[in-house]
Amino acid sequence: MDVIELLPRLHLLRFPVGQAYLWHDGAESTLIDAGTIGAGRTIADAITALGRAPGDVRRIVLTHFHEDHAGGAGEFAALSGAEVLAHHLDAPFVRGERPGPPPRFEDWELPIHAEVSRHLPEGEPVHPRSVTPVSDGDVLDFGGGARVVHVPGHTDGSIALFLPDEGVLFTGDAVAASPVDGAVMPGAFNLDRLQLMESFHRLAALDADVACFGHGDPVVGQASAALRKAADSQPATG
């Protein structure tokens, strides 16, 4: 796993599939997404290498239930004592009460998904003992007040997190960046492509300077301009 400082208070944790983010408020930290199955110990070791303790992470906010974002949540919560939060529509899947619905793949996505799946670890996730549900408009106690933005489409309970005081936006998989040229684009492997496009446009309307995606390099500086440019080329109806 690579650990990359994006801002003095923000680190990117990059896994073989997907990525997570660490936000720091003084001695207290927040983890946004938690990697794949087995990532809990890796995340804990990375936090220790940064001169912090896993117990400094007070909360894990999951942007959605997919295994490359929520697979390590239960393990890291057990190691750190952190609270796990997810949108109320995705929370049952995070808790392992039942499997979540699979994406409705477009033809061009099938070979990409097959290749990505080859790099996912096998095994069963450690499900969190409890998941605190959140909803659109909730304000979480980090980053000067992190606003929950419901962005359905990738999953029914996908969320983004917007820190207006900091100009930082965590999009989850509603938005991605191309691995080829870094171009901002709508996320793939969605449950409802039309909803995803509406959510993409909602995020593009926010005033963000930094945008952190579930996949692809973040945009650090003038992120809203990059998001709006991408949105202008993509109709809200798909």
# chains A, B, ... in the order shown; residues from 1 in each chain; ligands from 1
$ closest_atom_pairs --of "stretch 127-219 of chain A" --to "stretch 64-88 of chain A" --cutoff "9 Å" --atoms "only C-alpha atoms" --output "Markdown table"
| residue | atom | partner | partner_atom | distance |
| --- | --- | --- | --- | --- |
| A:His127 | CA | A:Gly74 | CA | 4.6 |
| A:Pro128 | CA | A:Gly74 | CA | 4.0 |
| A:Arg129 | CA | A:Gly74 | CA | 7.2 |
| A:Ser130 | CA | A:Val84 | CA | 7.0 |
| A:Val131 | CA | A:Val84 | CA | 5.1 |
| A:Thr132 | CA | A:Leu85 | CA | 4.6 |
| A:Pro133 | CA | A:His88 | CA | 4.6 |
| A:Val134 | CA | A:His87 | CA | 4.7 |
| A:Ser135 | CA | A:His87 | CA | 5.7 |
| A:Asp136 | CA | A:His87 | CA | 8.2 |
| A:Val148 | CA | A:His87 | CA | 8.9 |
| A:His150 | CA | A:His87 | CA | 8.0 |
| A:His154 | CA | A:His64 | CA | 8.4 |
| A:Thr155 | CA | A:His64 | CA | 6.8 |
| A:Asp156 | CA | A:His64 | CA | 8.6 |
| A:Gly157 | CA | A:His87 | CA | 5.3 |
| A:Ser158 | CA | A:His64 | CA | 4.8 |
| A:Ile159 | CA | A:His64 | CA | 6.7 |
| A:Gly172 | CA | A:His64 | CA | 7.4 |
| A:Asp173 | CA | A:His64 | CA | 8.2 |
| A:Gly214 | CA | A:His69 | CA | 8.0 |
$ write_last_selection --atoms "N, CA and C atoms" --output "short mmCIF file (atom, residue, chain, number, x, y, z; two decimals), in the first residue's frame"
data_model
loop_
_atom_site.label_atom_id
_atom_site.label_comp_id
_atom_site.auth_asym_id
_atom_site.auth_seq_id
_atom_site.Cartn_x
_atom_site.Cartn_y
_atom_site.Cartn_z
N HIS A 127 -17.10 -8.29 9.49
CA HIS A 127 -18.12 -7.25 9.47
C HIS A 127 -18.08 -6.44 10.77
N PRO A 128 -18.30 -5.13 10.68
CA PRO A 128 -18.36 -4.33 11.90
C PRO A 128 -19.47 -4.79 12.83
N ARG A 129 -19.22 -4.71 14.12
CA ARG A 129 -20.25 -5.10 15.07
C ARG A 129 -21.46 -4.19 14.99
N SER A 130 -21.21 -2.94 14.69
CA SER A 130 -22.32 -2.00 14.55
C SER A 130 -21.96 -0.97 13.49
N VAL A 131 -22.97 -0.42 12.86
CA VAL A 131 -22.80 0.62 11.84
C VAL A 131 -23.77 1.74 12.16
N THR A 132 -23.25 2.93 12.32
CA THR A 132 -24.09 4.10 12.57
C THR A 132 -24.63 4.61 11.24
N PRO A 133 -25.96 4.67 11.08
CA PRO A 133 -26.51 5.14 9.80
C PRO A 133 -26.45 6.65 9.68
N VAL A 134 -26.19 7.12 8.47
CA VAL A 134 -26.20 8.55 8.18
C VAL A 134 -27.12 8.79 7.00
N SER A 135 -27.51 10.05 6.81
CA SER A 135 -28.42 10.43 5.73
C SER A 135 -27.96 11.73 5.09
N ASP A 136 -28.54 12.03 3.96
CA ASP A 136 -28.20 13.25 3.22
C ASP A 136 -28.38 14.48 4.12
N VAL A 148 -22.69 15.24 4.69
CA VAL A 148 -23.00 14.02 3.95
C VAL A 148 -23.86 14.39 2.74
N HIS A 150 -25.85 12.58 -0.29
CA HIS A 150 -26.33 11.31 -0.84
C HIS A 150 -26.18 11.34 -2.36
N HIS A 154 -24.27 4.54 -8.02
CA HIS A 154 -23.26 3.48 -7.92
C HIS A 154 -23.82 2.37 -7.03
N THR A 155 -24.31 2.76 -5.86
CA THR A 155 -25.18 1.93 -5.03
C THR A 155 -26.31 2.84 -4.56
N ASP A 156 -27.35 2.25 -4.00
CA ASP A 156 -28.47 3.07 -3.53
C ASP A 156 -28.06 3.98 -2.38
N GLY A 157 -27.10 3.51 -1.58
CA GLY A 157 -26.68 4.27 -0.42
C GLY A 157 -25.32 4.91 -0.54
N SER A 158 -24.87 5.18 -1.75
CA SER A 158 -23.58 5.85 -1.91
C SER A 158 -23.64 7.27 -1.36
N ILE A 159 -22.56 7.68 -0.72
CA ILE A 159 -22.46 9.06 -0.22
C ILE A 159 -21.13 9.66 -0.63
N GLY A 172 -16.30 9.14 -3.21
CA GLY A 172 -16.55 7.72 -3.36
C GLY A 172 -16.43 7.34 -4.82
N ASP A 173 -17.27 6.40 -5.28
CA ASP A 173 -17.19 5.94 -6.66
C ASP A 173 -18.19 6.63 -7.58
N GLY A 214 -12.67 7.48 -5.34
CA GLY A 214 -12.45 6.11 -4.92
C GLY A 214 -11.44 5.39 -5.78
#
$ closest_atom_pairs --of "stretch 2-22 of chain A" --to "stretch 97-117 of chain A" --cutoff "10 Å" --atoms "only C-alpha atoms" --output "Markdown table"
| residue | atom | partner | partner_atom | distance |
| --- | --- | --- | --- | --- |
| A:Pro16 | CA | A:Val116 | CA | 9.2 |
| A:Val17 | CA | A:Val116 | CA | 7.1 |
| A:Gly18 | CA | A:Val116 | CA | 9.8 |
$ select_by_dssp --residues "stretch 39-133 of chain A" --states "strand (DSSP E or B)" --output "PyMOL selection string"
chain A and resi 57-61+83-87+132-133
$ write_last_selection --atoms "N, CA, C and O atoms" --output "compact mmCIF listing (two decimals), in the first residue's frame"
# COMPACT_ATOMS: atom_id res chain seq x y z
N VAL A 57 -7.88 7.19 15.36
CA VAL A 57 -8.95 7.24 14.35
C VAL A 57 -10.28 7.02 15.06
O VAL A 57 -10.57 5.93 15.55
N ARG A 58 -11.09 8.07 15.11
CA ARG A 58 -12.34 8.02 15.86
C ARG A 58 -13.50 7.46 15.05
O ARG A 58 -14.44 6.94 15.62
N ARG A 59 -13.42 7.58 13.73
CA ARG A 59 -14.54 7.13 12.91
C ARG A 59 -14.04 6.64 11.55
O ARG A 59 -13.03 7.13 11.05
N ILE A 60 -14.77 5.70 11.00
CA ILE A 60 -14.56 5.20 9.63
C ILE A 60 -15.85 5.51 8.88
O ILE A 60 -16.91 4.97 9.22
N VAL A 61 -15.77 6.37 7.89
CA VAL A 61 -16.96 6.72 7.10
C VAL A 61 -16.85 6.00 5.77
O VAL A 61 -15.88 6.21 5.02
N GLU A 83 -15.66 4.16 15.36
CA GLU A 83 -17.06 4.02 14.98
C GLU A 83 -17.14 3.89 13.45
O GLU A 83 -16.41 4.56 12.73
N VAL A 84 -18.01 3.03 12.97
CA VAL A 84 -18.23 2.85 11.53
C VAL A 84 -19.54 3.51 11.15
O VAL A 84 -20.57 3.27 11.77
N LEU A 85 -19.49 4.34 10.10
CA LEU A 85 -20.68 5.04 9.62
C LEU A 85 -20.89 4.74 8.14
O LEU A 85 -19.94 4.64 7.38
N ALA A 86 -22.16 4.60 7.74
CA ALA A 86 -22.52 4.39 6.34
C ALA A 86 -23.96 4.86 6.15
O ALA A 86 -24.73 4.96 7.11
N HIS A 87 -24.31 5.15 4.91
CA HIS A 87 -25.69 5.55 4.62
C HIS A 87 -26.65 4.44 5.03
O HIS A 87 -26.34 3.25 4.91
N THR A 132 -23.25 2.93 12.32
CA THR A 132 -24.09 4.10 12.57
C THR A 132 -24.63 4.61 11.24
O THR A 132 -23.86 4.95 10.35
N PRO A 133 -25.96 4.67 11.08
CA PRO A 133 -26.51 5.14 9.80
C PRO A 133 -26.45 6.65 9.68
O PRO A 133 -26.62 7.39 10.66
$ residues_around --residues "A:Glu166" --least-positions-apart "5" --cutoff "10 Å" --atoms "only C-alpha atoms" --output "list in words"
Gly143, Gly144, Gly145, Ala146, Ala208, Asp209 and Val210 of chain A
$ atom_distance --atom1 "atom CA of A:Arg52" --atom2 "atom CA of A:Asp138"
27.8 Å
$ select_by_dssp --residues "stretch 59-234 of chain A" --states "helix (DSSP H, G or I)" --output "ChimeraX atom specification"
/A:67-70,73-80,91-94,109-117,193-204,223-232
$ atom_distance --atom1 "atom CA of A:Leu7" --atom2 "atom CA of A:Arg147"
19.5 Å
$ residues_around --residues "A:Leu50" --least-positions-apart "5" --cutoff "12 Å" --atoms "only C-alpha atoms" --output "list in words"
Val3, Ile4, Glu5, Pro8, Arg9, Leu10, His11, Leu13, Leu22, His24, Ala27, Ser29, Ile43, Ala44, Asp45 and Asp56 of chain A
$ atom_distance --atom1 "atom CA of A:Gly221" --atom2 "atom CA of A:Val184"
13.4 Å
$ residues_around --residues "stretch 225-236 of chain A" --least-positions-apart "3" --cutoff "8 Å" --atoms "only C-alpha atoms" --output "list of chain:residue names"
A:Val184, A:Met185, A:Leu194, A:Met197, A:Glu198, A:Phe200, A:His201, A:Leu203, A:Ala204, A:Ala205, A:Val219, A:Gln222
$ write_last_selection --atoms "all heavy atoms" --output "compact mmCIF listing (two decimals), in the first residue's frame"
# COMPACT_ATOMS: atom_id res chain seq x y z
N VAL A 184 -11.22 13.44 -15.35
CA VAL A 184 -12.33 13.21 -14.43
C VAL A 184 -13.51 12.65 -15.21
O VAL A 184 -13.84 13.13 -16.30
CB VAL A 184 -12.71 14.52 -13.72
CG1 VAL A 184 -13.93 14.31 -12.84
CG2 VAL A 184 -11.53 15.03 -12.89
N MET A 185 -14.17 11.63 -14.63
CA MET A 185 -15.27 10.98 -15.34
C MET A 185 -16.22 10.34 -14.34
O MET A 185 -15.87 10.15 -13.17
CB MET A 185 -14.71 9.92 -16.29
CG MET A 185 -13.93 8.83 -15.58
SD MET A 185 -13.13 7.71 -16.76
CE MET A 185 -12.43 6.50 -15.62
N LEU A 194 -28.41 6.22 -14.75
CA LEU A 194 -29.08 7.52 -14.81
C LEU A 194 -28.98 8.25 -13.47
O LEU A 194 -28.71 9.45 -13.43
CB LEU A 194 -30.54 7.34 -15.23
CG LEU A 194 -30.79 6.78 -16.63
CD1 LEU A 194 -32.29 6.70 -16.92
CD2 LEU A 194 -30.08 7.62 -17.68
N MET A 197 -25.48 9.65 -13.02
CA MET A 197 -25.20 10.89 -13.73
C MET A 197 -25.81 12.09 -13.01
O MET A 197 -25.21 13.17 -12.96
CB MET A 197 -25.72 10.79 -15.16
CG MET A 197 -24.98 9.78 -16.03
SD MET A 197 -23.18 10.01 -16.00
CE MET A 197 -23.03 11.72 -16.50
N GLU A 198 -26.98 11.93 -12.44
CA GLU A 198 -27.57 13.02 -11.65
C GLU A 198 -26.69 13.34 -10.44
O GLU A 198 -26.48 14.51 -10.10
CB GLU A 198 -28.98 12.64 -11.22
CG GLU A 198 -29.97 12.54 -12.38
CD GLU A 198 -31.32 11.98 -11.96
OE1 GLU A 198 -31.47 11.63 -10.76
OE2 GLU A 198 -32.21 11.86 -12.82
N PHE A 200 -23.46 12.78 -10.21
CA PHE A 200 -22.23 13.37 -10.74
C PHE A 200 -22.41 14.88 -10.91
O PHE A 200 -21.55 15.68 -10.51
CB PHE A 200 -21.91 12.71 -12.08
CG PHE A 200 -20.61 13.12 -12.70
CD1 PHE A 200 -19.42 12.51 -12.34
CD2 PHE A 200 -20.56 14.12 -13.65
CE1 PHE A 200 -18.22 12.88 -12.93
CE2 PHE A 200 -19.37 14.51 -14.25
CZ PHE A 200 -18.20 13.88 -13.88
N HIS A 201 -23.53 15.28 -11.47
CA HIS A 201 -23.79 16.71 -11.67
C HIS A 201 -23.99 17.43 -10.33
O HIS A 201 -23.60 18.60 -10.19
CB HIS A 201 -25.00 16.90 -12.58
CG HIS A 201 -24.66 16.75 -14.03
ND1 HIS A 201 -24.54 17.83 -14.89
CD2 HIS A 201 -24.39 15.65 -14.78
CE1 HIS A 201 -24.22 17.40 -16.10
NE2 HIS A 201 -24.12 16.08 -16.06
N LEU A 203 -22.47 16.75 -7.53
CA LEU A 203 -21.14 16.97 -6.97
C LEU A 203 -20.38 18.04 -7.73
O LEU A 203 -19.63 18.83 -7.15
CB LEU A 203 -20.35 15.66 -6.97
CG LEU A 203 -20.89 14.56 -6.05
CD1 LEU A 203 -20.03 13.31 -6.15
CD2 LEU A 203 -20.95 15.03 -4.60
N ALA A 204 -20.58 18.11 -9.04
CA ALA A 204 -19.90 19.12 -9.85
C ALA A 204 -20.33 20.53 -9.48
O ALA A 204 -19.60 21.49 -9.74
CB ALA A 204 -20.16 18.86 -11.33
N ALA A 205 -21.51 20.66 -8.88
CA ALA A 205 -22.02 21.98 -8.50
C ALA A 205 -21.42 22.49 -7.19
O ALA A 205 -21.60 23.67 -6.84
CB ALA A 205 -23.54 21.94 -8.39
N VAL A 219 -7.74 15.26 -7.57
CA VAL A 219 -7.47 16.58 -8.14
C VAL A 219 -7.17 17.52 -6.98
O VAL A 219 -8.03 17.75 -6.13
CB VAL A 219 -8.65 17.11 -8.97
CG1 VAL A 219 -8.35 18.53 -9.46
CG2 VAL A 219 -8.94 16.19 -10.14
N GLN A 222 -8.30 23.57 -7.72
CA GLN A 222 -9.32 23.89 -8.73
C GLN A 222 -10.11 22.66 -9.16
O GLN A 222 -10.43 22.46 -10.33
CB GLN A 222 -8.68 24.56 -9.95
CG GLN A 222 -7.97 25.87 -9.61
CD GLN A 222 -7.41 26.57 -10.84
OE1 GLN A 222 -7.04 25.93 -11.82
NE2 GLN A 222 -7.35 27.89 -10.78
